[in-house]
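Heads up, structure_27.txt below (compact mmCIF, C-alpha atoms):
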# COMPACT_ATOMS: atom_id res chain seq x y z
CA MET T 374 -3.80 -20.93 14.27
CA LEU T 375 -3.47 -20.56 10.48
CA GLY T 376 -0.96 -18.20 8.88
CA CYS T 377 0.42 -17.48 5.41
CA VAL T 378 4.16 -18.12 5.17
CA ILE T 379 6.31 -17.41 2.12
CA HIS T 380 9.29 -19.75 1.80
CA GLY T 381 10.62 -18.56 -1.55
CA ARG T 382 9.59 -17.67 -5.06
CA GLY T 383 6.22 -19.33 -5.77
CA ASP T 384 6.25 -21.14 -2.44
CA LEU T 385 3.35 -19.82 -0.33
CA ARG T 386 2.12 -22.11 2.42
CA VAL T 387 -0.89 -21.91 4.73
CA ALA T 388 0.43 -23.48 7.91
CA GLU T 389 -0.40 -24.00 11.55
CA LEU T 390 1.54 -21.50 13.64
CA PRO T 391 1.88 -21.15 17.41
CA VAL T 392 -0.38 -18.56 19.02
CA PRO T 393 1.87 -15.73 20.27
CA GLU T 394 1.79 -14.28 23.77
CA PRO T 395 1.93 -10.49 24.18
CA GLY T 396 5.04 -9.29 25.97
CA PRO T 397 5.62 -6.02 27.84
CA GLY T 398 4.09 -3.09 25.99
CA GLN T 399 2.42 -5.33 23.41
CA ALA T 400 -1.14 -6.08 22.28
CA LEU T 401 -2.50 -9.37 20.98
CA VAL T 402 -4.93 -8.83 18.09
CA ALA T 403 -7.28 -11.38 16.56
CA VAL T 404 -6.91 -10.65 12.85
CA ARG T 405 -10.11 -10.66 10.80
CA TYR T 406 -9.06 -9.30 7.40
CA GLY T 407 -5.72 -8.90 5.66
CA GLY T 408 -5.33 -7.08 2.35
CA VAL T 409 -3.06 -8.64 -0.27
CA CYS T 410 -0.57 -5.92 -1.23
CA GLY T 411 1.63 -5.58 -4.29
CA SER T 412 4.67 -6.23 -2.11
CA ASP T 413 3.11 -9.51 -0.90
CA LEU T 414 2.66 -10.48 -4.53
CA HIS T 415 6.30 -9.61 -5.31
CA TYR T 416 7.52 -11.88 -2.51
CA TRP T 417 5.29 -14.65 -3.86
CA ARG T 418 6.15 -14.26 -7.54
CA HIS T 419 9.75 -13.10 -7.38
CA GLY T 420 11.10 -13.94 -3.93
CA GLY T 421 11.59 -10.27 -3.08
CA VAL T 422 10.42 -6.72 -3.61
CA GLY T 423 12.75 -4.05 -4.96
CA ASP T 424 16.10 -4.57 -3.27
CA PHE T 425 14.61 -6.62 -0.40
CA ARG T 426 15.14 -10.37 -0.93
CA LEU T 427 13.81 -13.30 1.09
CA ARG T 428 16.47 -15.03 3.17
CA GLU T 429 14.21 -17.07 5.47
CA PRO T 430 10.54 -18.09 5.71
CA MET T 431 8.35 -15.10 6.53
CA VAL T 432 4.73 -14.56 7.48
CA LEU T 433 3.41 -12.10 4.91
CA GLY T 434 0.97 -9.24 5.37
CA HIS T 435 0.87 -5.70 6.72
CA GLU T 436 -2.68 -4.55 5.89
CA VAL T 437 -4.49 -6.09 8.86
CA VAL T 438 -7.51 -5.31 11.01
CA GLY T 439 -9.23 -7.23 13.77
CA THR T 440 -10.14 -7.04 17.47
CA VAL T 441 -8.07 -6.65 20.60
CA VAL T 442 -7.68 -9.87 22.60
CA GLU T 443 -5.41 -8.87 25.48
CA TYR T 444 -2.36 -6.84 26.49
CA GLY T 445 1.02 -7.74 27.85
CA PRO T 446 2.48 -6.28 31.07
CA GLY T 447 2.45 -2.49 31.19
CA ALA T 448 0.47 -2.07 27.97
CA THR T 449 -2.79 -0.18 27.62
CA GLY T 450 -5.08 0.66 24.75
CA PRO T 451 -8.58 0.04 23.41
CA ALA T 452 -10.50 -2.44 25.54
CA PRO T 453 -10.42 -6.13 24.61
CA GLY T 454 -13.07 -6.80 21.99
CA THR T 455 -12.62 -3.39 20.34
CA ALA T 456 -12.37 -3.36 16.54
CA VAL T 457 -8.98 -1.97 15.54
CA ALA T 458 -6.60 -1.39 12.64
CA VAL T 459 -2.90 -2.07 13.03
CA HIS T 460 -0.28 0.50 12.02
CA PRO T 461 2.43 -1.79 10.61
CA ALA T 462 5.54 0.35 11.24
CA THR T 463 7.73 0.45 14.33
CA PRO T 464 10.31 3.21 13.74
CA CYS T 465 13.37 3.32 15.97
CA GLY T 466 12.65 6.82 17.28
CA VAL T 467 16.31 7.83 17.62
CA CYS T 468 17.84 8.01 14.12
CA PRO T 469 18.26 11.38 12.33
CA GLU T 470 15.18 10.71 10.19
CA CYS T 471 12.96 10.00 13.19
CA ALA T 472 14.35 13.03 15.00
CA GLY T 473 13.61 15.13 11.91
CA GLY T 474 9.96 14.09 11.72
CA ARG T 475 10.37 11.62 8.83
CA ARG T 476 9.75 8.38 10.63
CA ASN T 477 8.49 6.72 7.44
CA VAL T 478 12.10 6.59 6.17
CA CYS T 479 13.59 5.51 9.50
CA ARG T 480 16.84 3.69 8.81
CA ASP T 481 16.14 1.04 11.45
CA THR T 482 12.38 0.59 11.25
CA ARG T 483 10.51 -2.67 11.68
CA TYR T 484 7.60 -3.18 9.26
CA LEU T 485 5.21 -6.10 9.35
CA GLY T 486 5.93 -8.70 6.68
CA SER T 487 9.13 -7.10 5.38
CA ALA T 488 12.44 -8.65 4.32
CA ALA T 489 14.19 -5.28 4.46
CA ARG T 490 16.13 -6.47 7.51
CA PHE T 491 17.41 -9.82 8.76
CA PRO T 492 16.01 -11.60 10.62
CA HIS T 493 12.90 -10.58 8.71
CA VAL T 494 9.97 -8.91 10.45
CA GLN T 495 7.16 -11.46 10.51
CA GLY T 496 3.87 -10.15 9.17
CA GLY T 497 0.22 -10.06 10.09
CA PHE T 498 -1.32 -12.76 7.89
CA ALA T 499 -2.11 -14.98 10.87
CA ALA T 500 -5.15 -15.52 13.06
CA ARG T 501 -3.36 -13.81 15.96
CA VAL T 502 -0.61 -11.19 15.82
CA VAL T 503 1.38 -9.39 18.51
CA VAL T 504 2.26 -5.72 17.92
CA PRO T 505 3.35 -2.75 20.06
CA ALA T 506 0.23 -1.49 21.80
CA GLU T 507 0.69 2.06 20.51
CA GLN T 508 0.25 0.77 16.93
CA VAL T 509 -3.33 -0.35 17.59
CA ARG T 510 -5.98 2.14 16.46
CA PRO T 511 -9.69 1.88 17.35
CA LEU T 512 -11.95 2.25 14.34
CA PRO T 513 -13.98 5.47 14.08
CA PRO T 514 -17.76 5.19 14.48
CA GLY T 515 -19.38 3.85 11.33
CA LEU T 516 -16.27 2.13 9.98
CA GLY T 517 -16.47 -1.65 9.73
CA LEU T 518 -13.52 -4.02 9.63
CA ARG T 519 -13.91 -4.89 5.96
CA ARG T 520 -13.51 -1.33 4.68
CA ALA T 521 -10.96 -0.55 7.40
CA ALA T 522 -8.65 -3.09 5.77
CA LEU T 523 -7.92 -0.36 3.20
CA ALA T 524 -6.37 1.91 5.83
CA GLU T 525 -2.74 0.94 5.21
CA PRO T 526 -2.75 1.34 1.40
CA LEU T 527 -4.84 4.51 1.67
CA SER T 528 -2.20 5.88 4.06
CA VAL T 529 0.44 5.22 1.39
CA ALA T 530 -1.70 7.14 -1.10
CA LEU T 531 -2.29 10.06 1.27
CA HIS T 532 1.44 10.34 1.90
CA ALA T 533 2.19 10.38 -1.84
CA VAL T 534 -0.34 13.16 -2.43
CA ARG T 535 1.16 15.18 0.43
CA ARG T 536 4.63 14.69 -1.05
CA ALA T 537 3.29 16.39 -4.17
CA GLY T 538 2.53 19.58 -2.26
CA GLU T 539 -0.61 21.63 -2.83
CA VAL T 540 -2.98 19.89 -5.24
CA ARG T 541 -6.14 21.87 -4.52
CA GLY T 542 -7.59 23.17 -7.77
CA ARG T 543 -4.92 21.39 -9.83
CA HIS T 544 -4.85 18.70 -12.47
CA VAL T 545 -3.27 15.46 -11.22
CA LEU T 546 -2.10 12.57 -13.40
CA VAL T 547 -1.88 9.08 -11.88
CA THR T 548 -0.09 6.38 -13.86
CA GLY T 549 -1.24 2.91 -12.85
CA ALA T 550 -4.78 2.03 -11.72
CA GLY T 551 -3.97 -0.81 -9.37
CA PRO T 552 -5.18 -0.70 -5.76
CA ILE T 553 -2.62 1.96 -4.76
CA GLY T 554 -3.24 4.04 -7.87
CA CYS T 555 -7.00 3.98 -7.26
CA LEU T 556 -6.49 5.06 -3.66
CA VAL T 557 -4.19 7.88 -4.87
CA ILE T 558 -7.13 9.06 -6.98
CA ALA T 559 -9.36 9.13 -3.92
CA ALA T 560 -6.67 10.85 -1.85
CA ALA T 561 -6.12 13.51 -4.52
CA LYS T 562 -9.84 14.20 -4.77
CA ALA T 563 -10.07 14.44 -0.98
CA ALA T 564 -7.21 16.96 -1.07
CA GLY T 565 -9.16 19.15 -3.49
CA ALA T 566 -7.72 18.22 -6.89
CA ALA T 567 -9.85 19.77 -9.63
CA GLU T 568 -9.22 16.99 -12.12
CA VAL T 569 -7.63 13.55 -11.94
CA THR T 570 -6.52 11.74 -15.08
CA VAL T 571 -5.50 8.08 -14.81
CA THR T 572 -3.65 5.82 -17.22
CA ASP T 573 -3.40 2.05 -17.35
CA LEU T 574 -3.14 -0.70 -19.95
CA LEU T 575 -6.20 -2.60 -18.73
CA PRO T 576 -9.79 -1.41 -19.25
CA GLU T 577 -10.86 -3.33 -16.13
CA ALA T 578 -8.37 -1.37 -14.02
CA LEU T 579 -9.58 1.90 -15.54
CA ALA T 580 -13.13 0.94 -14.54
CA TYR T 581 -11.97 0.74 -10.91
CA ALA T 582 -10.31 4.14 -11.40
CA ARG T 583 -13.72 5.54 -12.27
CA VAL T 584 -15.12 4.07 -9.05
CA ALA T 585 -12.32 5.83 -7.14
CA GLY T 586 -13.23 9.19 -8.66
CA ALA T 587 -11.12 9.64 -11.78
CA GLY T 588 -12.52 12.20 -14.20
CA THR T 589 -10.57 11.04 -17.24
CA VAL T 590 -9.16 7.59 -17.94
CA VAL T 591 -6.68 6.87 -20.73
CA ARG T 592 -5.31 3.68 -22.16
CA ALA T 593 -1.55 4.00 -21.67
CA ASP T 594 -0.96 2.41 -25.07
CA ASP T 595 -3.39 4.71 -26.91
CA PRO T 596 -1.60 5.09 -30.26
CA ASP T 597 -3.47 8.23 -31.25
CA ASP T 598 -2.88 10.13 -28.04
CA ALA T 599 -6.50 11.19 -28.37
CA GLY T 600 -7.53 10.72 -24.76
CA TRP T 601 -4.73 12.75 -23.19
CA PRO T 602 -5.94 16.07 -21.74
CA GLY T 603 -2.66 17.96 -22.23
CA GLU T 604 -0.24 19.06 -19.55
CA VAL T 605 -0.92 18.36 -15.89
CA ASP T 606 0.27 20.17 -12.77
CA VAL T 607 1.21 17.10 -10.73
CA ALA T 608 1.95 13.51 -11.73
CA ILE T 609 2.06 10.54 -9.36
CA GLU T 610 3.65 7.36 -10.70
CA ALA T 611 1.91 4.36 -9.12
CA SER T 612 2.62 1.57 -11.61
CA GLY T 613 6.20 0.79 -10.60
CA VAL T 614 7.45 0.60 -14.20
CA ALA T 615 9.88 2.88 -15.99
CA ALA T 616 7.36 3.62 -18.74
CA GLY T 617 5.03 5.11 -16.15
CA LEU T 618 7.73 7.45 -14.87
CA ASP T 619 8.53 8.44 -18.45
CA ALA T 620 4.87 9.31 -19.06
CA CYS T 621 4.78 11.44 -15.91
CA LEU T 622 7.89 13.39 -16.89
CA ARG T 623 6.58 14.03 -20.40
CA ARG T 624 3.06 15.03 -19.34
CA VAL T 625 3.74 17.29 -16.36
CA ARG T 626 4.03 21.00 -17.02
CA ARG T 627 7.28 22.92 -16.78
CA GLY T 628 8.10 23.46 -13.14
CA GLY T 629 5.63 20.72 -12.16
CA VAL T 630 6.02 17.95 -9.60
CA VAL T 631 6.40 14.22 -10.24
CA VAL T 632 6.11 11.79 -7.31
CA GLN T 633 7.55 8.30 -7.74
CA LEU T 634 5.39 6.05 -5.57
CA GLY T 635 5.51 2.68 -7.35
CA MET T 636 8.49 0.53 -6.38
CA LEU T 637 10.65 0.20 -9.50
CA PRO T 638 12.51 -3.04 -10.25
CA ALA T 639 15.79 -3.62 -8.45
CA GLY T 640 18.86 -2.05 -10.02
CA GLN T 641 19.01 0.87 -12.44
CA SER T 642 15.93 2.21 -14.23
CA PRO T 643 16.19 4.46 -17.30
CA PHE T 644 14.26 7.72 -17.23
CA ALA T 645 14.12 10.98 -19.18
CA GLY T 646 16.54 12.84 -16.93
CA ASN T 647 17.08 15.68 -19.36
CA LEU T 648 13.44 16.69 -18.95
CA VAL T 649 14.01 17.07 -15.21
CA VAL T 650 16.72 19.59 -16.08
CA SER T 651 15.28 21.48 -19.03
CA ARG T 652 11.79 21.79 -17.55
CA GLU T 653 12.88 22.15 -13.92
CA ILE T 654 10.62 19.30 -12.91
CA GLU T 655 10.72 18.35 -9.24
CA LEU T 656 11.07 14.57 -8.91
CA ARG T 657 10.20 13.33 -5.41
CA GLY T 658 10.00 9.91 -3.85
CA ALA T 659 7.19 8.69 -1.59
CA PHE T 660 7.74 5.75 0.75
CA ARG T 661 5.15 4.30 3.09
CA PHE T 662 3.60 6.81 5.57
CA ASP T 663 3.45 7.85 9.20
CA GLY T 664 0.68 9.96 10.73
CA GLU T 665 -1.47 9.54 7.64
CA PHE T 666 -2.79 6.28 9.09
CA ASP T 667 -5.23 8.06 11.40
CA ASP T 668 -6.31 10.35 8.57
CA ALA T 669 -6.96 7.31 6.38
CA LEU T 670 -9.26 5.77 8.99
CA ALA T 671 -11.23 9.01 9.25
CA LEU T 672 -11.56 9.26 5.46
CA LEU T 673 -12.68 5.65 5.16
CA ALA T 674 -15.35 6.15 7.82
CA GLY T 675 -17.06 8.83 5.79
CA GLU T 676 -16.91 7.40 2.29
CA PRO T 677 -18.75 4.15 1.43
CA ALA T 678 -17.57 4.36 -2.21
CA PHE T 679 -14.32 2.73 -1.04
CA ASP T 680 -16.25 -0.53 -0.74
CA GLY T 681 -16.30 -0.71 -4.53
CA LEU T 682 -12.54 -1.20 -4.62
CA ILE T 683 -12.73 -4.45 -2.63
CA SER T 684 -13.24 -7.02 -5.37
CA ALA T 685 -13.09 -10.27 -3.37
CA VAL T 686 -12.82 -11.73 0.14
CA LEU T 687 -11.45 -15.28 0.42
CA PRO T 688 -10.85 -17.48 3.48
CA VAL T 689 -7.23 -17.84 4.51
CA SER T 690 -7.40 -21.53 3.60
CA GLU T 691 -7.63 -20.35 -0.04
CA ALA T 692 -4.73 -17.90 0.25
CA GLU T 693 -2.94 -19.06 -2.89
CA SER T 694 -6.11 -18.60 -4.95
CA GLY T 695 -6.46 -15.17 -3.35
CA PHE T 696 -2.92 -14.25 -4.34
CA ALA T 697 -3.51 -15.47 -7.88
CA LEU T 698 -6.68 -13.39 -8.09
CA ALA T 699 -4.93 -10.31 -6.69
CA ALA T 700 -2.16 -10.74 -9.27
CA ASP T 701 -4.69 -10.77 -12.11
CA ARG T 702 -5.54 -7.12 -12.53
CA SER T 703 -8.09 -7.95 -15.22
CA ARG T 704 -10.21 -9.62 -12.50
CA SER T 705 -9.53 -7.73 -9.29
CA CYS T 706 -8.58 -4.55 -7.49
CA LYS T 707 -8.14 -5.19 -3.75
CA VAL T 708 -8.39 -8.78 -2.49
CA LEU T 709 -8.82 -9.53 1.23
CA LEU T 710 -8.07 -12.71 3.14
CA ASP T 711 -10.52 -13.61 5.90
CA PHE T 712 -8.95 -15.08 9.04
CA ALA T 713 -12.22 -15.82 10.83
CA PRO T 714 -12.28 -19.37 12.24
CA SER T 715 -14.02 -21.94 10.07
CA PRO T 716 -17.54 -22.77 11.27
Mind converting the file's structure to structure tokens?
Amino acid sequence: MLGCVIHGRGDLRVAELPVPEPGPGQALVAVRYGGVCGSDLHYWRHGGVGDFRLREPMVLGHEVVGTVVEYGPGATGPAPGTAVAVHPATPCGVCPECAGGRRNVCRDTRYLGSAARFPHVQGGFAARVVVPAEQVRPLPPGLGLRRAALAEPLSVALHAVRRAGEVRGRHVLVTGAGPIGCLVIAAAKAAGAAEVTVTDLLPEALAYARVAGAGTVVRADDPDDAGWPGEVDVAIEASGVAAGLDACLRRVRRGGVVVQLGMLPAGQSPFAGNLVVSREIELRGAFRFDGEFDDALALLAGEPAFDGLISAVLPVSEAESGFALAADRSRSCKVLLDFAPSP
């Protein structure tokens, strides 16, 4: 079977891999689509993401959907042939964070396609993948595999919006109109936000923000400040750059909430800390998700507009071209790899 393996910075290989066998409590899934995530791009371009560095070859990918093939001993779940999405996280279940209901920040979690631990957790960009059976979710009626591939990043967005607290009737600023930023827009609108303003440097990205439901879009480098709507109640930083966080801190109202969702570069990042003090701004982090995965599937089933965020689907044999396209935000939003066998 074909899989996408990262060996180091700039070294992505499509290789023949052995077909895995499901062990006790596991499910074997035939992967159809895998979404190229920003973290996948970081491993490809930089050899790591944030503080997580590659130390061995790793199968990439954690946004995967497909069909159940079979189960290992003692495992049960949706019948073989059922279309499913795969929740990529396996929390330990015993650490203080898991016990406290915050499994998304489990200190000993396993996450598909992550170098956060060593040996690395191999990912889902392969024609077949084995996962714990409880992480397999049947798709709701009306949801096809292509759109369902957005479930993982939409879960990230839903979690970030929930970290912000109540957004119903409020004005939300999102900095960064990449795939995650666009899904944050959709999540904020679904949560009842009255207005969503989005900033980015690229007009093409802002066009995707409109598709996602943004009411106001602003060029982040607008020298005249003309497009800014004034203070906002909540700001969600989805660009992963210090300038985005600075914009959030300067635009949110006194006593407002800023959520840092984008993964900032490794090491120290400067930010306007005095504004956090003088304006009593609440600065919160948002990392991955937990139960939001099921909510994301339900939301995707009822909203065909999400299809407009999928800009390209390429066969796995063209994975490097797919990664290059996904990295070019002037040409794409969400890029999927197709793992269907060649005719």
- Message: Residues near T:Ala582, anyone? I mean within 6 Å using only C-alpha atoms, not counting same-chain ones fewer than 4 positions away, as a list in words.
- Response: Ala550, Cys555 and Ala587 of chain T
- Item | Who sits within 10 Å of T:Val459, all atoms listed in the file, same chain under 6 positions skipped, as a PyMOL selection string | chain T and resi 402+404+435-440+485+497+502+504-511+521-522+524-525+666
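Using all atoms listed in the file for every distance, the candidate list T:Leu546, T:Val689, T:Ser684, T:Val540 yields T:Val689 as the residue closest to T:Pro714.
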- Message: From the options T:Trp601, T:Phe644, T:Phe660, T:Phe491, which residue's atoms come nearest to T:Asp619, counting all atoms listed in the file?
- Response: T:Phe644
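Checking T:Asp667, T:Glu610, T:Glu655, T:Glu429 one by one against T:Ala458, counting all atoms listed in the file, you find the shortest gap at T:Asp667.
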